[in-house]
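First the structure, in the form of structure tokens, and then the observations on it.
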Amino acid sequence: MKRILPLALAAAVAVSPATAFAWGGTGHRIVGQLAAKALPSDLPAFLRSKAGVEAIGELSREPDRSKGAGKIHDNDRDAAHFVDIHDDGTILGGPPFLPMPATKAEYETQLAAHQLDTAKAGYLHYAIIDRWQQLALDFAYWRVLTAAEKNPKWKSNHAWFRADRIRREALILATIGDLSHFVGDGAQPLHTSTHYNGWGDYPNPQGFTTARIHSPFESAMVRATADAAAVAAKMTPFRACDCAVEQRTVDYILATNRFVVPLYELEKAGGLAQGDPRGPAFATERMAAGASELRDMIVEAWNASATRSVGWRPVAVQDVLSGKVDPYPSLYSID
């Protein structure tokens with residue numbers, strides 16, 4: 001007998017894949033806030049403050065809230081939310097997902113050789129890496145500005161250092177919001193698969209649904225059942241990758257992709273039906289995976305920032321922290 005979706009879910013089914021919001025505002029807010037709350041005490045305190053946690057949660061929704069700004073804007077950014085990995089490890093039957101091309105331009109060249117483009121294939125892995133790299137640089141600037149603001153040798157520019165540090169904190173919160181969103185997307189199996197909204201026109205020996213299950217799962221169900229405390233309880237301890245962010249990112253996406261079939265098996269067994277606890281439990285674990293990964297990526301961006309250089313001409317973070325170099329000429333850009 002065909003299962004009838006509750007009205008709220010049935011309405012969500014009508015949302016097209018291009019406009020579906022991963023996790024919806026509820027899920028993305030939870031992922032961002034829980035990651036911020038779980039940051040260790042050696043990271044900047046403003047991130048873990050009540051205002052910082054709230055801001056990260058709200059800004060985690062921004063890549064979805066910005067949709068509809070215009071054709072050029074949306075065409076460039078919509079595909080950042082997903083990557084369509086096929087069962088054979090290729091992107092939509094075209095180039096292999098691994099090894100990951102070193103740049104997005106090289107990725108686009110590989111797609112074009114198979115008559116594909118990023119609008120169809122997605123580029124979630126590049127979106128995550130882009131925001132992580134920006135965050136590591138943002139943190140490097142914050143380290144330098146904070147040290148310079150406290151150094152009595154450079155007191156003539158303390159007011160500027162302080163003002164720029166405050167500006168940088170606002171940028172850091174926005175960068176983390178973006179990173180949170182894309183890492184959150186990366187925890188949702190349907191954002192890593194060609195089977196993103198029903199199994200689709202592919203071999204289907206297990207008889208998985210071809211109905212549009214994307215929004216009913218990640219938005220309507222999560223909005224109705226999400227429990228931040230339950231998600232927090234499922235978060236895993238900090239895991240250092242000791243690898244390049246590119247490797248960490250593709251490992252994370254592939255780990256999520258392994259949950260595609262279990263999700264379709266769950267749907268087939270009735271686990272996404274209203275009132276069935278299995279669907280919310282699955283979503284809870286996936287959001288916890290996203291919050292855990294986001295926390296870990298923020299920590300690793302902070303650690304990486306200590307070895308960066310900032311400004312023009314570039315000055316090393318450690319040279320400023322040691323008091324060796326006044327960063328003002330490089331930061332203020334005295335050409």
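Order determines the names: the first chain of the structure tokens is A, the second B, and so forth; residues in each chain are numbered 1 upward, and ligands are numbered 1 upward as they are shown.
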> DSSP on the backbone: what in stretch 287-326 of chain A comes out strand (DSSP E or B), as a list in words?
Replying inline: Ser309, Val310, Val315 and Ala316 of chain A
> Within 12 Å of A:Ser66, counting only C-alpha atoms, which residues qualify if same-chain residues fewer than 4 places away don't, as a ChimeraX atom specification?
Replying inline: /A:19,21,59-62,70-71,73-74,77-78,178
> Counting only C-alpha atoms, which of A:Leu43, A:Ala232, A:Leu92, A:Ile128 gets nearest to A:Thr284?
Replying inline: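 Ranking A:Leu43, A:Ala232, A:Leu92, A:Ile128 by distance to A:Thr284, first place goes to A:Ala232.
Residues lying within 7 Å of stretch 164-170 of chain A, counting only C-alpha atoms and ignoring same-chain neighbours fewer than 3 positions away, are Asp138, Trp142, Leu145, Thr146, Trp160, Phe161, Leu173 and Ala174 of chain A.
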> So, counting only C-alpha atoms, which residue among A:Met287, A:Ala224, A:Leu266, A:Ala163 is closest to A:Arg29?
Replying inline: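 Comparing A:Met287, A:Ala224, A:Leu266, A:Ala163 against A:Arg29, the winner is A:Met287.
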>> My list of candidates is A:Lys120, A:His81, A:Lys104, A:Lys50. Which is closest to A:Glu246 when distances are computed with only C-alpha atoms?
In response: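 When distances to A:Glu246 are compared using only C-alpha atoms, the smallest one comes from A:Lys104.
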Closest pair table for stretch 123-153 of chain A residues within 8 Å of stretch 306-320 of chain A, only C-alpha atoms, as JSON lines:
```
{"residue": "A:Leu137", "atom": "CA", "partner": "A:Arg308", "partner_atom": "CA", "distance": 7.1}
{"residue": "A:Ala140", "atom": "CA", "partner": "A:Arg308", "partner_atom": "CA", "distance": 6.2}
{"residue": "A:Tyr141", "atom": "CA", "partner": "A:Val310", "partner_atom": "CA", "distance": 6.3}
{"residue": "A:Arg143", "atom": "CA", "partner": "A:Val317", "partner_atom": "CA", "distance": 7.1}
{"residue": "A:Val144", "atom": "CA", "partner": "A:Val317", "partner_atom": "CA", "distance": 5.9}
{"residue": "A:Ala147", "atom": "CA", "partner": "A:Val320", "partner_atom": "CA", "distance": 7.0}
{"residue": "A:Ala148", "atom": "CA", "partner": "A:Val320", "partner_atom": "CA", "distance": 7.1}
```
>> Based on the backbone DSSP call, show me all residues of stretch 128-249 of chain A assigned helix (DSSP H, G or I), as a ChimeraX atom specification.
In response: /A:128-150,152-186,189-191,214-225,228-233,245-249
> Hey, can you check how far atom CA of A:Val299 sits from atom CA of A:Val260?
Replying inline: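 Interatomic distance here is 28.2 Å.
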> Of the residues A:Ala159, A:Ala244, A:Ala35, A:Ile85, which is the one nearest to A:Ser193, using only C-alpha atoms?
Replying inline: A:Ile85
>> Need the shell around A:Asn204: protein/DNA/RNA residues with any atom at most 12 Å away, counting only C-alpha atoms. Skip same-chain ones fewer than 5 positions apart. Format as a list in words?
In response: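 These residues fall inside the cut-off: Asp87, His195, Gly198, Trp199, Thr209, Thr210, Val261 and Tyr264 of chain A.
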Take the residues from that selection and write them out as a PDB file, in the first residue's frame, keeping C-alpha atoms.
```pdb
ATOM      1  CA  ASP A  87      27.540   4.674  -7.477  1.00  0.00           C
ATOM      2  CA  HIS A 195      20.228   9.931  -6.011  1.00  0.00           C
ATOM      3  CA  GLY A 198      14.489   9.906  -5.268  1.00  0.00           C
ATOM      4  CA  TRP A 199      16.597   7.118  -6.763  1.00  0.00           C
ATOM      5  CA  THR A 209      11.558   5.134  -4.007  1.00  0.00           C
ATOM      6  CA  THR A 210      11.668   7.499  -6.958  1.00  0.00           C
ATOM      7  CA  VAL A 261      21.718   3.516   0.552  1.00  0.00           C
ATOM      8  CA  TYR A 264      16.791   4.780   1.033  1.00  0.00           C
TER       9      TYR A 264
END
```
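Across the model, the gap from atom CA of A:Ile253 to atom CA of A:Gly200 is 20.6 Å.
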> So, counting only C-alpha atoms, which residue among A:His86, A:Asp335, A:Asp326, A:Val231 is closest to A:Pro203?
Replying inline: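 Among A:His86, A:Asp335, A:Asp326, A:Val231, it is A:His86 that comes nearest to A:Pro203.
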> Between atom CA of A:Phe282 and atom CA of A:Asp130, what is the spacing in Å?
Replying inline: 28.5 Å
